[in-house]
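Below is one structure, written out as structure tokens; comments come after it.
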2 protein chains.
Amino acid sequence: MEKLTVIKVGGKIVEEEATLQRLLSDFSKIEGHKVLVHGGGRSATAMATRLGIESKMVNGRRITDAEMLKVVTMVYAGLVNKTIVARLQSMGVNALGLTGADLNYMRSDKRPVKEVDYGFVGDVKEVNSDLLADLIHKGVVPVLAPLTHDKKGNMLNTNADTIAGEAAKALTSHFDVTLMYCFEKSGVLMDENDDNSVIPEITRPLFDKYVKDGIIQGGMIPKLENSFHAISAGVTKVIITKADEIGKNSGTMIH
Amino acid sequence: MEKLTVIKVGGKIVEEEATLQRLLSDFSKIEGHKVLVHGGGRSATAMATRLGIESKMVNGRRITDAEMLKVVTMVYAGLVNKTIVARLQSMGVNALGLTGADLNYMRSDKRPVKEVDYGFVGDVKEVNSDLLADLIHKGVVPVLAPLTHDKKGNMLNTNADTIAGEAAKALTSHFDVTLMYCFEKSGVLMDENDDNSVIPEITRPLFDKYVKDGIIQGGMIPKLENSFHAISAGVTKVIITKADEIGKNSGTMIH
């Protein structure tokens, strides 16, 4: 099978001019088939503020009421996604911006209300990767916004890490998939204050030990849990690295 | 060649809940291959106002400065486009929302500054319809937002009538194309105050006569000029009709 790299970049990187241009330039140079998944939370918060809409977060997740859904749809699918697509086209990358509603490629259910009502937030239920794979084979580079739909007419806000993981898993039936999470640090660190303490490789037993020892903690735990799920579902390897090191063999590898 | 209907609907229809739902329901029932092209000017103006950005129009065209470009990108490619795509998916239509930057399907040049500086407004230069045609053959229904790009990294605001005309013309190499312009009146009227005075068919000599006699005037002249250009470029027929009559054999036909 042909190789495919699914790269998720955090909102901050795509929302600042200097880092965005560098990221897209690095991304454009990656050989072979590729998919870019982006966030946009800071821009959404800034736009909401300008519109007099309050941003509410619970456990780091955005509460998406009807007004906020309009904001994230505008910002993620409109401003952030099309800025990236137009820039990539200028670099010779045949980008195609998508939400889960487009081509019905990712369907989700509105998250049930338990302790928290997250509003219009979707939990992924179905990924239709055939048309996507076909386009990738033709040289198209999908640029995925963090939005899905419920196939009942509603867009739903969906975490970009989740979109990347679900897209990567579904595309394993068509490609040999590498999933890369890019964030502000060089990888999974032994000492979170020392960017030179990257753990080069993590296995499940090592992960369990590091969590028990308190070396791996906080937001890195769900990121790594997602990574192990992706590996179990057929993704060849997951790399957690710094955005300005994509394309290099650095960061932490899970396989 | 297989048949394809390219339908352009004005902003007002897609921006009001009642008319939008009816339009999309009618559209979903049209047999065969189809493309939907939408506007969104009223929503863009409303959003600009909420953001404290003044909307400037010259000769009915929007002046698009850098701030306004962000607004139209958010509103057209984000809010309006994805609302339509999600609704169509709920009706079983495999919609795909696109700007000209996506798949590089429509490239334009920033309009040169003459008497008026329209800002980030694009005049269409190139339409790449192969991937689009391939998707349409696979059952996909493109939903085109009124935005193009310059392949230098910028989105450009582009009139939806123009997008519809250019897409229809380019797709004639793959399909037997009917282009349909839907607006608030029943067609081209002999008496603009009488919606029952629809001219059923217009030829070039008849058009020239009606313009000379002052029967056809104002904004209808460029719409009909565009229609004759589309016919010259290979479009089989152009229909100008009311939005709530799409799919019916009514309105004015140009062929």
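Letters for chains follow the order of the structure tokens (A, B, ...), residue numbers begin at 1 for each chain, and ligand numbers begin at 1 in the order shown.
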
Which polymer residues have any atom within 12 Å of an atom of range 187-195 of chain B, counting only C-alpha atoms, with same-chain residues fewer than 4 positions away left out, as an mmCIF file with C-alpha atoms, in the first residue's frame?
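So the final result, stored in part.cif, reads:
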```
data_model
loop_
_atom_site.group_PDB
_atom_site.id
_atom_site.type_symbol
_atom_site.label_atom_id
_atom_site.label_comp_id
_atom_site.auth_asym_id
_atom_site.auth_seq_id
_atom_site.Cartn_x
_atom_site.Cartn_y
_atom_site.Cartn_z
ATOM 1 C CA MET B 180 -30.422 28.023 -14.274
ATOM 2 C CA TYR B 181 -30.465 31.444 -12.633
ATOM 3 C CA CYS B 182 -33.039 31.635 -9.837
ATOM 4 C CA PHE B 183 -34.148 34.960 -8.479
ATOM 5 C CA ILE B 199 -41.125 36.082 -21.886
ATOM 6 C CA PRO B 200 -40.908 32.282 -22.411
ATOM 7 C CA GLU B 201 -37.989 32.320 -24.830
ATOM 8 C CA ILE B 202 -35.371 34.863 -25.823
ATOM 9 C CA LEU B 206 -35.201 39.409 -29.730
ATOM 10 C CA PHE B 207 -32.910 40.489 -26.868
ATOM 11 C CA TYR B 210 -36.188 44.392 -26.352
ATOM 12 C CA VAL B 211 -33.159 46.325 -25.099
ATOM 13 C CA ASP B 213 -37.326 49.218 -27.034
ATOM 14 C CA GLY B 214 -36.510 49.621 -23.307
ATOM 15 C CA ILE B 215 -38.447 46.472 -22.334
ATOM 16 C CA ILE B 216 -35.324 44.766 -20.957
ATOM 17 C CA GLN B 217 -33.248 47.078 -18.778
ATOM 18 C CA GLY B 218 -31.112 47.435 -15.655
ATOM 19 C CA GLY B 219 -29.586 44.378 -14.003
ATOM 20 C CA MET B 220 -31.325 42.036 -16.427
ATOM 21 C CA ILE B 221 -29.046 43.176 -19.279
ATOM 22 C CA LYS B 223 -27.631 38.608 -16.693
ATOM 23 C CA LEU B 224 -28.788 38.028 -20.274
ATOM 24 C CA VAL B 238 -30.008 28.900 -19.839
ATOM 25 C CA ILE B 239 -33.178 29.294 -17.785
ATOM 26 C CA ILE B 240 -34.020 32.383 -15.750
ATOM 27 C CA THR B 241 -36.728 31.595 -13.248
ATOM 28 C CA LYS B 242 -38.115 31.940 -9.739
ATOM 29 C CA ALA B 243 -36.437 29.978 -6.950
ATOM 30 C CA ASP B 244 -39.636 28.231 -5.961
ATOM 31 C CA GLU B 245 -40.097 27.010 -9.517
ATOM 32 C CA ILE B 246 -36.835 25.117 -9.974
ATOM 33 C CA ASN B 249 -40.589 23.981 -16.878
ATOM 34 C CA SER B 250 -41.190 27.667 -16.263
ATOM 35 C CA GLY B 251 -39.347 30.944 -16.565
ATOM 36 C CA THR B 252 -37.474 32.358 -19.529
ATOM 37 C CA MET B 253 -35.350 30.095 -21.694
ATOM 38 C CA ILE B 254 -32.304 31.232 -23.646
#
```

(request) Do me a favour and pick out the residues of chain B within 8 Å of chain A, using only C-alpha atoms, as a ChimeraX atom specification. (result) /B:50-51,70,73-79,82-83,85-90,94-98,101-104,140,149,151-155

Fit result for chain A on chain B over all paired C-alpha atoms, given as a PDB file with C-alpha atoms, in the first residue's frame:
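Resulting contents of out.pdb:
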```pdb
ATOM      1  CA  MET A   1     -23.016  13.115 -22.751  1.00  0.00           C
ATOM      2  CA  GLU A   2     -24.817  12.968 -19.436  1.00  0.00           C
ATOM      3  CA  LYS A   3     -26.925  15.926 -18.385  1.00  0.00           C
ATOM      4  CA  LEU A   4     -25.891  18.390 -15.687  1.00  0.00           C
ATOM      5  CA  THR A   5     -27.894  21.254 -14.213  1.00  0.00           C
ATOM      6  CA  VAL A   6     -25.991  24.191 -12.689  1.00  0.00           C
ATOM      7  CA  ILE A   7     -28.343  26.179 -10.464  1.00  0.00           C
ATOM      8  CA  LYS A   8     -27.514  29.603  -9.075  1.00  0.00           C
ATOM      9  CA  VAL A   9     -29.665  30.922  -6.262  1.00  0.00           C
ATOM     10  CA  GLY A  10     -29.506  34.435  -4.916  1.00  0.00           C
ATOM     11  CA  GLY A  11     -28.390  35.266  -1.434  1.00  0.00           C
ATOM     12  CA  LYS A  12     -31.806  36.207  -0.092  1.00  0.00           C
ATOM     13  CA  ILE A  13     -33.228  32.737  -0.734  1.00  0.00           C
ATOM     14  CA  VAL A  14     -30.433  30.891   1.035  1.00  0.00           C
ATOM     15  CA  GLU A  15     -30.335  33.342   3.920  1.00  0.00           C
ATOM     16  CA  GLU A  16     -33.905  32.991   5.136  1.00  0.00           C
ATOM     17  CA  GLU A  17     -34.865  29.811   6.908  1.00  0.00           C
ATOM     18  CA  ALA A  18     -38.255  29.224   5.233  1.00  0.00           C
ATOM     19  CA  THR A  19     -37.092  29.819   1.660  1.00  0.00           C
ATOM     20  CA  LEU A  20     -33.828  27.918   2.197  1.00  0.00           C
ATOM     21  CA  GLN A  21     -35.519  24.745   3.401  1.00  0.00           C
ATOM     22  CA  ARG A  22     -37.977  24.787   0.490  1.00  0.00           C
ATOM     23  CA  LEU A  23     -35.238  25.528  -2.050  1.00  0.00           C
ATOM     24  CA  LEU A  24     -33.016  22.699  -0.822  1.00  0.00           C
ATOM     25  CA  SER A  25     -35.936  20.294  -0.740  1.00  0.00           C
ATOM     26  CA  ASP A  26     -36.817  21.194  -4.370  1.00  0.00           C
ATOM     27  CA  PHE A  27     -33.143  21.038  -5.345  1.00  0.00           C
ATOM     28  CA  SER A  28     -32.707  17.604  -3.752  1.00  0.00           C
ATOM     29  CA  LYS A  29     -35.507  16.263  -5.976  1.00  0.00           C
ATOM     30  CA  ILE A  30     -33.974  17.379  -9.271  1.00  0.00           C
ATOM     31  CA  GLU A  31     -32.983  14.287 -11.233  1.00  0.00           C
ATOM     32  CA  GLY A  32     -29.482  13.681 -12.477  1.00  0.00           C
ATOM     33  CA  HIS A  33     -26.204  15.476 -11.947  1.00  0.00           C
ATOM     34  CA  LYS A  34     -26.346  18.940 -10.427  1.00  0.00           C
ATOM     35  CA  VAL A  35     -24.327  21.810  -8.976  1.00  0.00           C
ATOM     36  CA  LEU A  36     -25.597  24.518  -6.620  1.00  0.00           C
ATOM     37  CA  VAL A  37     -24.057  28.007  -6.618  1.00  0.00           C
ATOM     38  CA  HIS A  38     -25.027  30.360  -3.800  1.00  0.00           C
ATOM     39  CA  GLY A  39     -24.620  33.981  -2.769  1.00  0.00           C
ATOM     40  CA  GLY A  40     -24.674  35.351   0.739  1.00  0.00           C
ATOM     41  CA  GLY A  41     -24.345  39.117   0.488  1.00  0.00           C
ATOM     42  CA  ARG A  42     -27.018  40.004   3.048  1.00  0.00           C
ATOM     43  CA  SER A  43     -25.445  37.732   5.667  1.00  0.00           C
ATOM     44  CA  ALA A  44     -22.023  39.210   4.929  1.00  0.00           C
ATOM     45  CA  THR A  45     -23.381  42.736   5.344  1.00  0.00           C
ATOM     46  CA  ALA A  46     -25.124  41.776   8.595  1.00  0.00           C
ATOM     47  CA  MET A  47     -21.976  40.111   9.969  1.00  0.00           C
ATOM     48  CA  ALA A  48     -19.820  43.088   8.932  1.00  0.00           C
ATOM     49  CA  THR A  49     -22.208  45.415  10.765  1.00  0.00           C
ATOM     50  CA  ARG A  50     -21.993  43.286  13.926  1.00  0.00           C
ATOM     51  CA  LEU A  51     -18.197  43.506  13.671  1.00  0.00           C
ATOM     52  CA  GLY A  52     -18.290  47.268  13.171  1.00  0.00           C
ATOM     53  CA  ILE A  53     -17.097  47.032   9.564  1.00  0.00           C
ATOM     54  CA  GLU A  54     -18.788  49.298   7.045  1.00  0.00           C
ATOM     55  CA  SER A  55     -20.108  47.731   3.811  1.00  0.00           C
ATOM     56  CA  LYS A  56     -19.325  49.844   0.743  1.00  0.00           C
ATOM     57  CA  MET A  57     -21.042  49.109  -2.548  1.00  0.00           C
ATOM     58  CA  VAL A  58     -20.300  50.647  -5.977  1.00  0.00           C
ATOM     59  CA  ASN A  59     -22.633  49.824  -8.909  1.00  0.00           C
ATOM     60  CA  GLY A  60     -24.142  47.038  -6.822  1.00  0.00           C
ATOM     61  CA  ARG A  61     -20.729  45.450  -6.252  1.00  0.00           C
ATOM     62  CA  ARG A  62     -19.101  45.093  -2.850  1.00  0.00           C
ATOM     63  CA  ILE A  63     -15.804  46.862  -2.149  1.00  0.00           C
ATOM     64  CA  THR A  64     -13.740  44.111  -0.495  1.00  0.00           C
ATOM     65  CA  ASP A  65     -10.886  45.418   1.633  1.00  0.00           C
ATOM     66  CA  ALA A  66      -8.758  43.072   3.786  1.00  0.00           C
ATOM     67  CA  GLU A  67     -11.217  43.113   6.699  1.00  0.00           C
ATOM     68  CA  MET A  68     -14.232  42.569   4.434  1.00  0.00           C
ATOM     69  CA  LEU A  69     -12.419  39.685   2.707  1.00  0.00           C
ATOM     70  CA  LYS A  70     -12.203  37.949   6.086  1.00  0.00           C
ATOM     71  CA  VAL A  71     -15.923  38.527   6.623  1.00  0.00           C
ATOM     72  CA  VAL A  72     -16.991  37.153   3.228  1.00  0.00           C
ATOM     73  CA  THR A  73     -14.624  34.176   3.594  1.00  0.00           C
ATOM     74  CA  MET A  74     -16.179  33.367   6.973  1.00  0.00           C
ATOM     75  CA  VAL A  75     -19.759  33.924   5.856  1.00  0.00           C
ATOM     76  CA  TYR A  76     -19.713  32.488   2.319  1.00  0.00           C
ATOM     77  CA  ALA A  77     -17.297  29.539   2.745  1.00  0.00           C
ATOM     78  CA  GLY A  78     -18.158  28.921   6.397  1.00  0.00           C
ATOM     79  CA  LEU A  79     -21.640  29.761   7.555  1.00  0.00           C
ATOM     80  CA  VAL A  80     -23.721  29.815   4.355  1.00  0.00           C
ATOM     81  CA  ASN A  81     -21.880  27.059   2.496  1.00  0.00           C
ATOM     82  CA  LYS A  82     -21.730  24.576   5.375  1.00  0.00           C
ATOM     83  CA  THR A  83     -25.340  25.217   6.398  1.00  0.00           C
ATOM     84  CA  ILE A  84     -26.368  24.260   2.858  1.00  0.00           C
ATOM     85  CA  VAL A  85     -24.023  21.258   2.708  1.00  0.00           C
ATOM     86  CA  ALA A  86     -25.216  19.849   6.049  1.00  0.00           C
ATOM     87  CA  ARG A  87     -28.881  20.326   5.076  1.00  0.00           C
ATOM     88  CA  LEU A  88     -28.390  18.654   1.689  1.00  0.00           C
ATOM     89  CA  GLN A  89     -26.613  15.717   3.345  1.00  0.00           C
ATOM     90  CA  SER A  90     -29.656  15.288   5.603  1.00  0.00           C
ATOM     91  CA  MET A  91     -31.746  14.998   2.397  1.00  0.00           C
ATOM     92  CA  GLY A  92     -29.497  12.288   0.982  1.00  0.00           C
ATOM     93  CA  VAL A  93     -27.590  14.593  -1.393  1.00  0.00           C
ATOM     94  CA  ASN A  94     -23.829  13.976  -1.255  1.00  0.00           C
ATOM     95  CA  ALA A  95     -22.882  17.662  -1.201  1.00  0.00           C
ATOM     96  CA  LEU A  96     -19.322  19.021  -1.264  1.00  0.00           C
ATOM     97  CA  GLY A  97     -18.786  22.694  -0.455  1.00  0.00           C
ATOM     98  CA  LEU A  98     -16.089  24.404  -2.496  1.00  0.00           C
ATOM     99  CA  THR A  99     -14.421  27.737  -3.054  1.00  0.00           C
ATOM    100  CA  GLY A 100     -12.278  28.308  -6.133  1.00  0.00           C
ATOM    101  CA  ALA A 101      -9.186  27.579  -4.003  1.00  0.00           C
ATOM    102  CA  ASP A 102     -10.377  24.046  -3.225  1.00  0.00           C
ATOM    103  CA  LEU A 103      -8.968  21.686  -5.853  1.00  0.00           C
ATOM    104  CA  ASN A 104      -7.799  24.919  -7.548  1.00  0.00           C
ATOM    105  CA  TYR A 105     -11.023  24.634  -9.494  1.00  0.00           C
ATOM    106  CA  MET A 106     -11.380  28.378 -10.212  1.00  0.00           C
ATOM    107  CA  ARG A 107      -8.482  30.816 -10.362  1.00  0.00           C
ATOM    108  CA  SER A 108      -8.909  34.524 -10.792  1.00  0.00           C
ATOM    109  CA  ASP A 109      -6.840  37.696 -10.969  1.00  0.00           C
ATOM    110  CA  LYS A 110      -7.385  40.549  -8.562  1.00  0.00           C
ATOM    111  CA  ARG A 111      -9.372  43.145 -10.485  1.00  0.00           C
ATOM    112  CA  PRO A 112      -7.120  45.956 -11.730  1.00  0.00           C
ATOM    113  CA  VAL A 113      -7.804  49.367 -10.191  1.00  0.00           C
ATOM    114  CA  LYS A 114      -9.382  51.744 -12.695  1.00  0.00           C
ATOM    115  CA  GLU A 115     -12.011  54.304 -11.658  1.00  0.00           C
ATOM    116  CA  VAL A 116     -12.919  52.097  -8.716  1.00  0.00           C
ATOM    117  CA  ASP A 117     -10.684  50.002  -6.423  1.00  0.00           C
ATOM    118  CA  TYR A 118     -12.872  46.988  -5.709  1.00  0.00           C
ATOM    119  CA  GLY A 119     -10.170  45.524  -3.449  1.00  0.00           C
ATOM    120  CA  PHE A 120      -9.944  41.736  -3.119  1.00  0.00           C
ATOM    121  CA  VAL A 121     -12.317  40.959  -5.976  1.00  0.00           C
ATOM    122  CA  GLY A 122     -11.395  38.377  -8.581  1.00  0.00           C
ATOM    123  CA  ASP A 123     -11.972  38.223 -12.340  1.00  0.00           C
ATOM    124  CA  VAL A 124     -12.034  34.557 -13.376  1.00  0.00           C
ATOM    125  CA  LYS A 125      -9.063  33.437 -15.479  1.00  0.00           C
ATOM    126  CA  GLU A 126      -8.998  29.642 -15.348  1.00  0.00           C
ATOM    127  CA  VAL A 127     -11.412  26.830 -14.498  1.00  0.00           C
ATOM    128  CA  ASN A 128     -10.074  23.323 -13.810  1.00  0.00           C
ATOM    129  CA  SER A 129     -13.084  21.107 -14.192  1.00  0.00           C
ATOM    130  CA  ASP A 130     -11.570  17.603 -14.475  1.00  0.00           C
ATOM    131  CA  LEU A 131     -11.609  16.673 -10.771  1.00  0.00           C
ATOM    132  CA  LEU A 132     -14.967  18.405 -10.388  1.00  0.00           C
ATOM    133  CA  ALA A 133     -16.440  16.419 -13.301  1.00  0.00           C
ATOM    134  CA  ASP A 134     -14.998  13.216 -11.919  1.00  0.00           C
ATOM    135  CA  LEU A 135     -16.662  13.831  -8.538  1.00  0.00           C
ATOM    136  CA  ILE A 136     -19.969  14.710 -10.224  1.00  0.00           C
ATOM    137  CA  HIS A 137     -19.824  11.459 -12.187  1.00  0.00           C
ATOM    138  CA  LYS A 138     -19.416   9.666  -8.833  1.00  0.00           C
ATOM    139  CA  GLY A 139     -22.652  11.224  -7.547  1.00  0.00           C
ATOM    140  CA  VAL A 140     -21.176  14.195  -5.679  1.00  0.00           C
ATOM    141  CA  VAL A 141     -23.086  17.501  -5.786  1.00  0.00           C
ATOM    142  CA  PRO A 142     -20.707  20.492  -5.608  1.00  0.00           C
ATOM    143  CA  VAL A 143     -21.988  23.512  -3.667  1.00  0.00           C
ATOM    144  CA  LEU A 144     -20.026  26.534  -4.865  1.00  0.00           C
ATOM    145  CA  ALA A 145     -19.436  29.582  -2.671  1.00  0.00           C
ATOM    146  CA  PRO A 146     -18.853  32.946  -4.406  1.00  0.00           C
ATOM    147  CA  LEU A 147     -15.097  32.957  -3.757  1.00  0.00           C
ATOM    148  CA  THR A 148     -12.110  32.248  -5.972  1.00  0.00           C
ATOM    149  CA  HIS A 149      -8.350  32.458  -5.359  1.00  0.00           C
ATOM    150  CA  ASP A 150      -5.351  33.922  -7.187  1.00  0.00           C
ATOM    151  CA  LYS A 151      -3.013  30.916  -6.668  1.00  0.00           C
ATOM    152  CA  LYS A 152      -0.681  33.364  -4.921  1.00  0.00           C
ATOM    153  CA  GLY A 153      -2.215  32.604  -1.532  1.00  0.00           C
ATOM    154  CA  ASN A 154      -5.189  34.981  -1.527  1.00  0.00           C
ATOM    155  CA  MET A 155      -8.907  34.316  -1.567  1.00  0.00           C
ATOM    156  CA  LEU A 156     -10.863  36.710  -3.809  1.00  0.00           C
ATOM    157  CA  ASN A 157     -14.510  37.719  -3.676  1.00  0.00           C
ATOM    158  CA  THR A 158     -16.308  36.792  -6.906  1.00  0.00           C
ATOM    159  CA  ASN A 159     -19.871  37.367  -8.036  1.00  0.00           C
ATOM    160  CA  ALA A 160     -22.016  34.211  -7.765  1.00  0.00           C
ATOM    161  CA  ASP A 161     -23.611  34.714 -11.229  1.00  0.00           C
ATOM    162  CA  THR A 162     -20.094  34.753 -12.673  1.00  0.00           C
ATOM    163  CA  ILE A 163     -19.082  31.603 -10.750  1.00  0.00           C
ATOM    164  CA  ALA A 164     -22.179  29.813 -12.078  1.00  0.00           C
ATOM    165  CA  GLY A 165     -21.567  30.928 -15.660  1.00  0.00           C
ATOM    166  CA  GLU A 166     -17.864  30.042 -15.622  1.00  0.00           C
ATOM    167  CA  ALA A 167     -18.431  26.655 -13.954  1.00  0.00           C
ATOM    168  CA  ALA A 168     -21.228  25.842 -16.432  1.00  0.00           C
ATOM    169  CA  LYS A 169     -19.059  26.774 -19.420  1.00  0.00           C
ATOM    170  CA  ALA A 170     -16.065  24.721 -18.224  1.00  0.00           C
ATOM    171  CA  LEU A 171     -18.250  21.697 -17.481  1.00  0.00           C
ATOM    172  CA  THR A 172     -19.559  21.592 -21.075  1.00  0.00           C
ATOM    173  CA  SER A 173     -16.471  19.528 -21.948  1.00  0.00           C
ATOM    174  CA  HIS A 174     -17.835  16.797 -19.651  1.00  0.00           C
ATOM    175  CA  PHE A 175     -21.634  17.230 -19.646  1.00  0.00           C
ATOM    176  CA  ASP A 176     -24.682  18.465 -21.539  1.00  0.00           C
ATOM    177  CA  VAL A 177     -25.135  21.535 -19.329  1.00  0.00           C
ATOM    178  CA  THR A 178     -28.258  23.513 -18.411  1.00  0.00           C
ATOM    179  CA  LEU A 179     -27.583  26.716 -16.469  1.00  0.00           C
ATOM    180  CA  MET A 180     -30.407  28.026 -14.296  1.00  0.00           C
ATOM    181  CA  TYR A 181     -30.446  31.454 -12.647  1.00  0.00           C
ATOM    182  CA  CYS A 182     -33.011  31.639  -9.861  1.00  0.00           C
ATOM    183  CA  PHE A 183     -34.133  34.960  -8.478  1.00  0.00           C
ATOM    184  CA  GLU A 184     -37.178  36.623  -6.994  1.00  0.00           C
ATOM    185  CA  LYS A 185     -39.179  37.020 -10.222  1.00  0.00           C
ATOM    186  CA  SER A 186     -40.752  34.407 -12.504  1.00  0.00           C
ATOM    187  CA  GLY A 187     -38.376  35.086 -15.389  1.00  0.00           C
ATOM    188  CA  VAL A 188     -37.587  37.915 -17.784  1.00  0.00           C
ATOM    189  CA  LEU A 189     -40.735  40.045 -17.765  1.00  0.00           C
ATOM    190  CA  MET A 190     -42.379  42.158 -20.505  1.00  0.00           C
ATOM    191  CA  ASP A 191     -43.681  44.368 -17.681  1.00  0.00           C
ATOM    192  CA  GLU A 192     -41.469  44.343 -14.609  1.00  0.00           C
ATOM    193  CA  ASN A 193     -44.462  44.937 -12.337  1.00  0.00           C
ATOM    194  CA  ASP A 194     -46.439  41.993 -13.725  1.00  0.00           C
ATOM    195  CA  ASP A 195     -45.086  38.587 -12.689  1.00  0.00           C
ATOM    196  CA  ASN A 196     -47.431  36.977 -15.244  1.00  0.00           C
ATOM    197  CA  SER A 197     -45.719  38.678 -18.186  1.00  0.00           C
ATOM    198  CA  VAL A 198     -42.857  36.179 -18.482  1.00  0.00           C
ATOM    199  CA  ILE A 199     -41.149  36.058 -21.865  1.00  0.00           C
ATOM    200  CA  PRO A 200     -40.917  32.269 -22.409  1.00  0.00           C
ATOM    201  CA  GLU A 201     -37.998  32.305 -24.824  1.00  0.00           C
ATOM    202  CA  ILE A 202     -35.380  34.853 -25.827  1.00  0.00           C
ATOM    203  CA  THR A 203     -33.056  34.755 -28.803  1.00  0.00           C
ATOM    204  CA  ARG A 204     -30.228  37.189 -29.489  1.00  0.00           C
ATOM    205  CA  PRO A 205     -32.226  39.249 -32.067  1.00  0.00           C
ATOM    206  CA  LEU A 206     -35.225  39.392 -29.703  1.00  0.00           C
ATOM    207  CA  PHE A 207     -32.927  40.474 -26.835  1.00  0.00           C
ATOM    208  CA  ASP A 208     -31.413  43.270 -28.944  1.00  0.00           C
ATOM    209  CA  LYS A 209     -34.913  44.457 -29.901  1.00  0.00           C
ATOM    210  CA  TYR A 210     -36.221  44.363 -26.290  1.00  0.00           C
ATOM    211  CA  VAL A 211     -33.183  46.301 -25.042  1.00  0.00           C
ATOM    212  CA  LYS A 212     -33.659  48.890 -27.816  1.00  0.00           C
ATOM    213  CA  ASP A 213     -37.357  49.190 -26.940  1.00  0.00           C
ATOM    214  CA  GLY A 214     -36.548  49.591 -23.232  1.00  0.00           C
ATOM    215  CA  ILE A 215     -38.456  46.433 -22.248  1.00  0.00           C
ATOM    216  CA  ILE A 216     -35.335  44.732 -20.897  1.00  0.00           C
ATOM    217  CA  GLN A 217     -33.263  47.029 -18.716  1.00  0.00           C
ATOM    218  CA  GLY A 218     -31.112  47.395 -15.595  1.00  0.00           C
ATOM    219  CA  GLY A 219     -29.575  44.329 -13.958  1.00  0.00           C
ATOM    220  CA  MET A 220     -31.321  41.989 -16.387  1.00  0.00           C
ATOM    221  CA  ILE A 221     -29.052  43.148 -19.230  1.00  0.00           C
ATOM    222  CA  PRO A 222     -25.758  41.748 -17.796  1.00  0.00           C
ATOM    223  CA  LYS A 223     -27.626  38.574 -16.677  1.00  0.00           C
ATOM    224  CA  LEU A 224     -28.778  38.002 -20.256  1.00  0.00           C
ATOM    225  CA  GLU A 225     -25.408  38.970 -21.743  1.00  0.00           C
ATOM    226  CA  ASN A 226     -23.843  36.315 -19.458  1.00  0.00           C
ATOM    227  CA  SER A 227     -26.470  33.862 -20.634  1.00  0.00           C
ATOM    228  CA  PHE A 228     -25.679  34.437 -24.312  1.00  0.00           C
ATOM    229  CA  HIS A 229     -21.959  34.062 -23.555  1.00  0.00           C
ATOM    230  CA  ALA A 230     -22.680  30.761 -21.818  1.00  0.00           C
ATOM    231  CA  ILE A 231     -24.657  29.552 -24.861  1.00  0.00           C
ATOM    232  CA  SER A 232     -21.839  30.614 -27.217  1.00  0.00           C
ATOM    233  CA  ALA A 233     -19.400  28.665 -25.036  1.00  0.00           C
ATOM    234  CA  GLY A 234     -21.380  25.443 -25.351  1.00  0.00           C
ATOM    235  CA  VAL A 235     -24.002  25.530 -22.585  1.00  0.00           C
ATOM    236  CA  THR A 236     -27.128  23.886 -24.044  1.00  0.00           C
ATOM    237  CA  LYS A 237     -29.670  26.204 -22.472  1.00  0.00           C
ATOM    238  CA  VAL A 238     -29.995  28.901 -19.849  1.00  0.00           C
ATOM    239  CA  ILE A 239     -33.159  29.290 -17.791  1.00  0.00           C
ATOM    240  CA  ILE A 240     -34.008  32.382 -15.756  1.00  0.00           C
ATOM    241  CA  THR A 241     -36.731  31.581 -13.250  1.00  0.00           C
ATOM    242  CA  LYS A 242     -38.103  31.923  -9.751  1.00  0.00           C
ATOM    243  CA  ALA A 243     -36.409  29.980  -6.963  1.00  0.00           C
ATOM    244  CA  ASP A 244     -39.613  28.223  -5.965  1.00  0.00           C
ATOM    245  CA  GLU A 245     -40.083  26.998  -9.514  1.00  0.00           C
ATOM    246  CA  ILE A 246     -36.825  25.121  -9.984  1.00  0.00           C
ATOM    247  CA  GLY A 247     -37.412  21.723 -11.438  1.00  0.00           C
ATOM    248  CA  LYS A 248     -40.540  22.955 -13.230  1.00  0.00           C
ATOM    249  CA  ASN A 249     -40.593  23.962 -16.869  1.00  0.00           C
ATOM    250  CA  SER A 250     -41.190  27.649 -16.254  1.00  0.00           C
ATOM    251  CA  GLY A 251     -39.343  30.924 -16.567  1.00  0.00           C
ATOM    252  CA  THR A 252     -37.477  32.343 -19.528  1.00  0.00           C
ATOM    253  CA  MET A 253     -35.352  30.075 -21.707  1.00  0.00           C
ATOM    254  CA  ILE A 254     -32.301  31.228 -23.654  1.00  0.00           C
ATOM    255  CA  HIS A 255     -30.809  28.824 -26.169  1.00  0.00           C
TER     256      HIS A 255
END
```

(request) Within range 93-213 of chain B, find each residue whose DSSP state, derived from the backbone, is strand (DSSP E or B), and express the selection as number ranges by chain. (result) B: 95-98, 106-110, 119, 121-127, 141-144, 147-149, 155-157, 176-183, 189, 198, 201-202

(request) List every residue of range 10-245 of chain A that DSSP, applied to the backbone, labels as alpha helix (DSSP H), and write the result as a VMD selection string. (result) chain A and resid 11 to 15 17 to 29 41 to 50 66 to 72 81 to 90 130 to 137 160 to 171 204 to 212 220 to 232
